[in-house]
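Accompanying notes for the structure given below.
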Amino acid sequence: MNSRDDFDVELSPRGIVLLKIRMDNPTAPVREIRDILADQYGIELSHNRVNELLHDMSDKDVFRKSIQPNKRIFDYHSFRIAFHYPNFEDQWEECYLELVEDPHVVMFCNADSNYHWQLLMQFNGDREAEQWMHHFFKKHGSLIAQFDNTKLPTVHKFDTHSSVFDEKLWQTEEGREYCRTHERSTATKRPLPLMGAAIRSRRLPPLDVVVSK
């Protein structure tokens with residue numbers, strides 16, 4: 001099983017900046033990444049060195065190259081599973097491996113809850129979701145004490161924004177300096193404060209979409 005404790009790669013402030021830029025520019029050539037490092041963060045590296053660093057981060061599984069389909073293609077469900085512990089020792093592993101490999105599973109995690117396994121699922125429609133649950137219970141029902149299924153009719157956000165790493169950068173003096181340099185370099189290009197600009201420029205969905213009845 002994978003947990004945060006299994007990830008032992010130490011990211012330097014410079015590495016975090018590089019990861020942020022790659023996240024914001026996933027298809028940009030290395031030379032463009034190099035230029036952003038220099039122009040916005042004051043980090044001067046050759047494009048060969050930037051390429052080496054990106055390859056090293058990819059090899060260490062710091063990030064993965066993937067294509068994210070439009071979230072509106074699928075229906076999403078939250079499944080929560082509580083165990084019938086008399087059968088747990090003999091049956092958990094087969095069930096666990098099947099869930100890890102199942103293409104419908106977007107996220108599978110342990111939780112500090114009576115529902116110890118929690119999953120974010122995607123299906124083409126209600127029929128496929130019902131069929132999946134039917135086959136799952138038929139094969140693994142004796143492992144399950146409780147099962148909660150919540151359909152998620154509207155997904156408002158489903159991504160990781162690069163600015164979440166700013167909190168890590170502010171933990172070191174080097175990282176804080178990179179943040180200050182970035183703020184200075186982009187200040188003239190941003191007439192409104194970051195959050196205010198984002199809120200004022202974003203078109204909000206209708207209320208009945210925000211609060212599904």
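Chains: A, B, ... in order of the structure tokens. Residues: from 1 per chain. Ligands: from 1, in order shown.
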>> Based on the backbone DSSP call, show me all residues of chain A assigned alpha helix (DSSP H), as a PyMOL selection string.
In response: chain A and resi 13-24+30-41+47-59+88-101+126-140+166-169+173-186+194-201+207-210
>> For Gly42 in chain A, find every residue with an atom within 9 Å (counting only C-alpha atoms), except residues of its own chain fewer than 5 positions away, and show them as a ChimeraX atom specification.
In response: /A:36-37,178,181-182
Let me see the file: selected residues, C-alpha atoms, as a JSON list (two decimals), in the first residue's frame.
[["chain", "number", "residue", "atom", "x", "y", "z"],
["A", 36, "ILE", "CA", 10.31, 31.06, -17.02],
["A", 37, "LEU", "CA", 12.73, 29.97, -14.29],
["A", 178, "TYR", "CA", 11.76, 32.65, -4.99],
["A", 181, "THR", "CA", 10.97, 37.29, -6.99],
["A", 182, "HIS", "CA", 7.95, 35.74, -8.69]]
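Of the residues under consideration (A:Asp166, A:Met121, A:Ile16, A:Glu89), A:Asp166 shows the shortest atom-to-atom contact distance to Cys179 in chain A when counting only C-alpha atoms.
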>> Report as a ChimeraX atom specification all protein, DNA and RNA residues lying within 12 Å of Asp159 in chain A, evaluated on only C-alpha atoms, omitting residues in the same chain fewer than 5 positions from it.
In response: /A:23-24,68-71,164
> If you run DSSP on this backbone, which residues of range 15-106 of chain A come out as strand (DSSP E), and could you give them as a ChimeraX atom specification?
Replying inline: /A:75-83,105-106
Restricting the output to C-alpha atoms, write the selected residues as a tab-separated table (two decimals), in the first residue's frame.
chain	number	residue	atom	x	y	z
A	75	ASP	CA	-20.63	10.06	-13.71
A	76	TYR	CA	-18.78	10.10	-10.39
A	77	HIS	CA	-19.57	8.20	-7.19
A	78	SER	CA	-18.11	8.11	-3.71
A	79	PHE	CA	-17.98	4.55	-2.32
A	80	ARG	CA	-17.21	3.87	1.34
A	81	ILE	CA	-16.52	0.36	2.63
A	82	ALA	CA	-16.62	-0.92	6.22
A	83	PHE	CA	-15.20	-4.39	6.84
A	105	VAL	CA	-11.36	3.65	-9.57
A	106	VAL	CA	-9.98	7.19	-9.73
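With only C-alpha atoms as the basis for measurement, A:Ala38 is the residue among A:Val30, A:Leu120, A:Cys109, A:Ala38 that approaches Val17 in chain A most closely.
Closest approach to Asn87 in chain A among A:His140, A:Arg180, A:Arg22, A:His104 is made by A:His140 (distances from only C-alpha atoms).
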> CA of Val50 in chain A and CA of Asp35 in chain A are how many Å apart?
Replying inline: 10.3 Å
> CA of Phe123 in chain A and CA of Val100 in chain A, how far apart in Å?
Replying inline: 15.8 Å
>> Could you tell me how far CA of Met107 in chain A sits from CA of Leu119 in chain A, in Å to one decimal place?
In response: 5.5 Å
> Can you tell me, as number ranges by chain, what residues are no more than 12 Å from Ser142 in chain A when counting only C-alpha atoms, ignoring any on the same chain fewer than 5 positions away?
Replying inline: A: 82-92, 95, 136-137, 147
>> I'd like the contact shell of Leu11 in chain A - 12 Å cut-off, only C-alpha atoms, skipping same-chain residues fewer than 6 positions apart - returned as an NGL selection string.
In response: :A and (17-20 or 53 or 56-57 or 60-63 or 165 or 168-169 or 172 or 175)
Dump C-alpha atoms for the selected residues as a CSV table (one decimal), in the first residue's frame?
chain,number,residue,atom,x,y,z
A,17,VAL,CA,9.6,25.9,-8.3
A,18,LEU,CA,10.5,23.7,-11.3
A,19,LEU,CA,7.6,21.3,-10.5
A,20,LYS,CA,5.2,24.3,-10.3
A,53,LEU,CA,16.3,17.8,-13.4
A,56,ASP,CA,15.3,13.0,-12.5
A,57,MET,CA,12.0,14.1,-10.9
A,60,LYS,CA,11.6,9.4,-8.8
A,61,ASP,CA,7.8,9.6,-9.4
A,62,VAL,CA,7.6,13.2,-8.2
A,63,PHE,CA,5.2,13.8,-11.1
A,165,PHE,CA,3.3,24.3,-3.3
A,168,LYS,CA,6.2,24.6,1.1
A,169,LEU,CA,8.3,27.4,-0.5
A,172,THR,CA,12.6,28.1,3.8
A,175,GLY,CA,11.8,29.4,-1.1
